[in-house]
Amino acid sequence: MSYFDEKRNQEILARLRKNYPDAKIKLKFKTPFELLVATILSAQCTDDRVNIVTEKLFKKYKKPEDYLKVKNEELEKDIYSTGFYKQKAKSIKACCQVLVEKYGGKVPSNIEELTKIPGVGRKTASVVVGNAYGIPAIAVDTHVKRLSNIFHFVKEKNPDKIEEQLKKIIPEDEWIVTSHRIATHGRLVCLAKNPKCEICFLNDICPSAFKVKKEKIK
DNA sequence: CTCCCGATAT
DNA sequence: ATATCAGGAG
């Protein structure tokens, strides 16, 4: 049996589809710009935490210009609990600066332009393009990266290459929703350090099922 | 490969 | 107390 198995891949995708039919982004937003800010904040932070912060944040800051008006220290306070707040405050301000100067305050709708923006990597760009503009994209976050390897969809650590591979396995019209299905499964069942294979609906076909054994049974 | 950093679950 | 969570830049 080889590492890759297209039949198995499709069966895994089918079961994910069945169990998480309408998986969607957890980040709350009303405009592409809000989603861009929320996604920058979501780096190394749970979506739930970001939502708590953005609920107030988006009332205070409506346009890119609004972020540019305040001092870094003030913005840092407003986003504090998402962690990495100094970095993120800098990123958001640099991002808004570019948005105003180069894009007339509008958020670009393609990954190439988005990734030129400070603080915006490929994952963030994919999230915005896919979820704010509805353009097919796959955001390779930590869950998609981990589970893609666990499922043997890929044998690869580089997120860009994982994205490339996944696009061959998943039909284009399901790129966005599948990203969310995989992420959902990673959050609920296939946890990073202690995957719950016992309760997993994929445990009969997952090539990595029960491979992480519990060494400490007290 | 290192730095940036808080919140929550156990 | 400590483990776990979760991207981008230099």
# chains A, B, ... in the order shown; residues from 1 in each chain; ligands from 1

$ interface_residues --of "chain C" --to "chain A" --cutoff "12 Å" --atoms "only C-alpha atoms (C1' of nucleotides)" --output "ChimeraX atom specification"
/C:3-9

$ interface_residues --of "chain A" --to "chain B" --cutoff "8 Å" --atoms "only C-alpha atoms (C1' of nucleotides)" --output "JSON, numbers by chain"
{"A": [80, 81, 82, 83, 84, 85, 86, 87]}

$ residues_around --residues "Ala137 in chain A" --least-positions-apart "4" --cutoff "6 Å" --atoms "only C-alpha atoms (C1' of nucleotides)" --output "short mmCIF file (atom, residue, chain, number, x, y, z; two decimals) with N, CA, C and O atoms, in the first residue's frame"
data_model
loop_
_atom_site.label_atom_id
_atom_site.label_comp_id
_atom_site.auth_asym_id
_atom_site.auth_seq_id
_atom_site.Cartn_x
_atom_site.Cartn_y
_atom_site.Cartn_z
N SER A 126 -5.57 34.07 1.88
CA SER A 126 -6.51 33.06 1.42
C SER A 126 -7.83 33.14 2.17
O SER A 126 -8.91 32.96 1.57
N GLY A 130 -11.19 33.97 0.09
CA GLY A 130 -12.20 32.92 0.11
C GLY A 130 -13.48 33.33 0.81
O GLY A 130 -14.58 33.08 0.30
N TRP A 175 -13.23 24.11 -2.12
CA TRP A 175 -11.99 24.50 -1.47
C TRP A 175 -12.24 25.20 -0.13
O TRP A 175 -11.66 24.86 0.89
N ILE A 176 -13.12 26.18 -0.18
CA ILE A 176 -13.36 26.99 1.02
C ILE A 176 -13.99 26.17 2.13
O ILE A 176 -13.48 26.13 3.26
#

$ select_by_dssp --residues "range 24-196 of chain A" --states "alpha helix (DSSP H)" --output "ChimeraX atom specification"
/A:32-41,47-60,64-69,72-79,85-103,111-116,122-132,142-150,159-169,175-188

$ residues_around --residues "range 152-154 of chain A" --least-positions-apart "5" --cutoff "7 Å" --atoms "only C-alpha atoms (C1' of nucleotides)" --output "list in words"
Tyr3, Phe4, Asn9, Ile162, Gln165 and Pro207 of chain A

$ residues_around --residues "Pro171 in chain A" --least-positions-apart "2" --cutoff "12 Å" --atoms "only C-alpha atoms (C1' of nucleotides)" --output "ChimeraX atom specification"
/A:10,13-14,136-138,165-169,173-179

$ atom_distance --atom1 "CA of Pro32 in chain A" --atom2 "CA of Pro64 in chain A"
11.6 Å

$ atom_distance --atom1 "CA of Arg146 in chain A" --atom2 "CA of Cys190 in chain A"
9.2 Å

$ residues_around --residues "range 92-97 of chain A" --least-positions-apart "2" --cutoff "7 Å" --atoms "only C-alpha atoms (C1' of nucleotides)" --output "PDB file with N, CA, C and O atoms, in the first residue's frame"
ATOM      1  N   VAL A  37      -8.660  42.502   9.141  1.00  0.00           N
ATOM      2  CA  VAL A  37      -8.166  42.839  10.482  1.00  0.00           C
ATOM      3  C   VAL A  37      -8.322  41.643  11.427  1.00  0.00           C
ATOM      4  O   VAL A  37      -7.400  41.282  12.152  1.00  0.00           O
ATOM      5  N   PRO A  64      -9.789  52.084   7.418  1.00  0.00           N
ATOM      6  CA  PRO A  64      -8.337  52.036   7.615  1.00  0.00           C
ATOM      7  C   PRO A  64      -7.811  53.326   8.256  1.00  0.00           C
ATOM      8  O   PRO A  64      -6.937  53.285   9.129  1.00  0.00           O
ATOM      9  N   GLU A  65      -8.372  54.443   7.843  1.00  0.00           N
ATOM     10  CA  GLU A  65      -7.936  55.733   8.391  1.00  0.00           C
ATOM     11  C   GLU A  65      -8.084  55.795   9.907  1.00  0.00           C
ATOM     12  O   GLU A  65      -7.298  56.455  10.591  1.00  0.00           O
ATOM     13  N   TYR A  67      -7.604  53.516  12.102  1.00  0.00           N
ATOM     14  CA  TYR A  67      -6.486  52.859  12.794  1.00  0.00           C
ATOM     15  C   TYR A  67      -5.240  53.732  12.732  1.00  0.00           C
ATOM     16  O   TYR A  67      -4.391  53.682  13.609  1.00  0.00           O
ATOM     17  N   LEU A  68      -5.136  54.510  11.648  1.00  0.00           N
ATOM     18  CA  LEU A  68      -3.948  55.348  11.480  1.00  0.00           C
ATOM     19  C   LEU A  68      -3.971  56.560  12.403  1.00  0.00           C
ATOM     20  O   LEU A  68      -2.926  57.125  12.711  1.00  0.00           O
ATOM     21  N   LYS A  88       1.103  42.794  16.150  1.00  0.00           N
ATOM     22  CA  LYS A  88      -0.167  42.912  15.434  1.00  0.00           C
ATOM     23  C   LYS A  88      -0.593  44.367  15.252  1.00  0.00           C
ATOM     24  O   LYS A  88      -1.135  44.732  14.204  1.00  0.00           O
ATOM     25  N   ALA A  89      -0.332  45.189  16.251  1.00  0.00           N
ATOM     26  CA  ALA A  89      -0.667  46.617  16.124  1.00  0.00           C
ATOM     27  C   ALA A  89       0.145  47.226  14.991  1.00  0.00           C
ATOM     28  O   ALA A  89      -0.386  47.969  14.152  1.00  0.00           O
ATOM     29  N   LYS A  90       1.414  46.889  14.948  1.00  0.00           N
ATOM     30  CA  LYS A  90       2.277  47.377  13.866  1.00  0.00           C
ATOM     31  C   LYS A  90       1.784  46.884  12.516  1.00  0.00           C
ATOM     32  O   LYS A  90       1.708  47.644  11.544  1.00  0.00           O
ATOM     33  N   LEU A  99      -3.249  50.156   2.455  1.00  0.00           N
ATOM     34  CA  LEU A  99      -4.616  50.144   1.945  1.00  0.00           C
ATOM     35  C   LEU A  99      -5.032  51.542   1.487  1.00  0.00           C
ATOM     36  O   LEU A  99      -5.623  51.716   0.420  1.00  0.00           O
ATOM     37  N   VAL A 100      -4.713  52.533   2.299  1.00  0.00           N
ATOM     38  CA  VAL A 100      -5.081  53.905   1.984  1.00  0.00           C
ATOM     39  C   VAL A 100      -4.257  54.441   0.818  1.00  0.00           C
ATOM     40  O   VAL A 100      -4.797  55.012  -0.135  1.00  0.00           O
ATOM     41  N   GLU A 101      -2.946  54.211   0.874  1.00  0.00           N
ATOM     42  CA  GLU A 101      -2.051  54.762  -0.142  1.00  0.00           C
ATOM     43  C   GLU A 101      -2.172  54.100  -1.509  1.00  0.00           C
ATOM     44  O   GLU A 101      -2.162  54.770  -2.537  1.00  0.00           O
ATOM     45  N   ILE A 117       0.921  43.107   1.315  1.00  0.00           N
ATOM     46  CA  ILE A 117       0.601  43.968   2.447  1.00  0.00           C
ATOM     47  C   ILE A 117       1.302  43.475   3.714  1.00  0.00           C
ATOM     48  O   ILE A 117       1.289  42.276   4.001  1.00  0.00           O
ATOM     49  N   PRO A 118       1.913  44.389   4.457  1.00  0.00           N
ATOM     50  CA  PRO A 118       2.616  44.010   5.681  1.00  0.00           C
ATOM     51  C   PRO A 118       1.702  43.278   6.657  1.00  0.00           C
ATOM     52  O   PRO A 118       0.562  43.688   6.861  1.00  0.00           O
ATOM     53  N   GLY A 119       2.193  42.207   7.224  1.00  0.00           N
ATOM     54  CA  GLY A 119       1.420  41.452   8.202  1.00  0.00           C
ATOM     55  C   GLY A 119       0.456  40.461   7.581  1.00  0.00           C
ATOM     56  O   GLY A 119      -0.201  39.704   8.288  1.00  0.00           O
TER      57      GLY A 119
END

$ residues_around --residues "Val189 in chain A" --least-positions-apart "5" --cutoff "8 Å" --atoms "only C-alpha atoms (C1' of nucleotides)" --output "short mmCIF file (atom, residue, chain, number, x, y, z; two decimals) with N, CA and C atoms, in the first residue's frame"
data_model
loop_
_atom_site.label_atom_id
_atom_site.label_comp_id
_atom_site.auth_asym_id
_atom_site.auth_seq_id
_atom_site.Cartn_x
_atom_site.Cartn_y
_atom_site.Cartn_z
N PRO A 195 -4.95 13.26 19.70
CA PRO A 195 -6.09 13.03 18.82
C PRO A 195 -7.05 12.00 19.41
N LYS A 196 -8.34 12.29 19.32
CA LYS A 196 -9.35 11.40 19.92
C LYS A 196 -9.79 10.34 18.92
N CYS A 197 -8.86 9.45 18.58
CA CYS A 197 -9.15 8.43 17.57
C CYS A 197 -10.32 7.54 17.97
N ILE A 199 -13.12 8.20 19.25
CA ILE A 199 -14.43 8.72 18.90
C ILE A 199 -14.49 9.24 17.46
N CYS A 200 -13.41 9.06 16.71
CA CYS A 200 -13.34 9.64 15.37
C CYS A 200 -14.06 8.79 14.33
#

$ atom_distance --atom1 "CA of His180 in chain A" --atom2 "CA of Pro108 in chain A"
22.3 Å
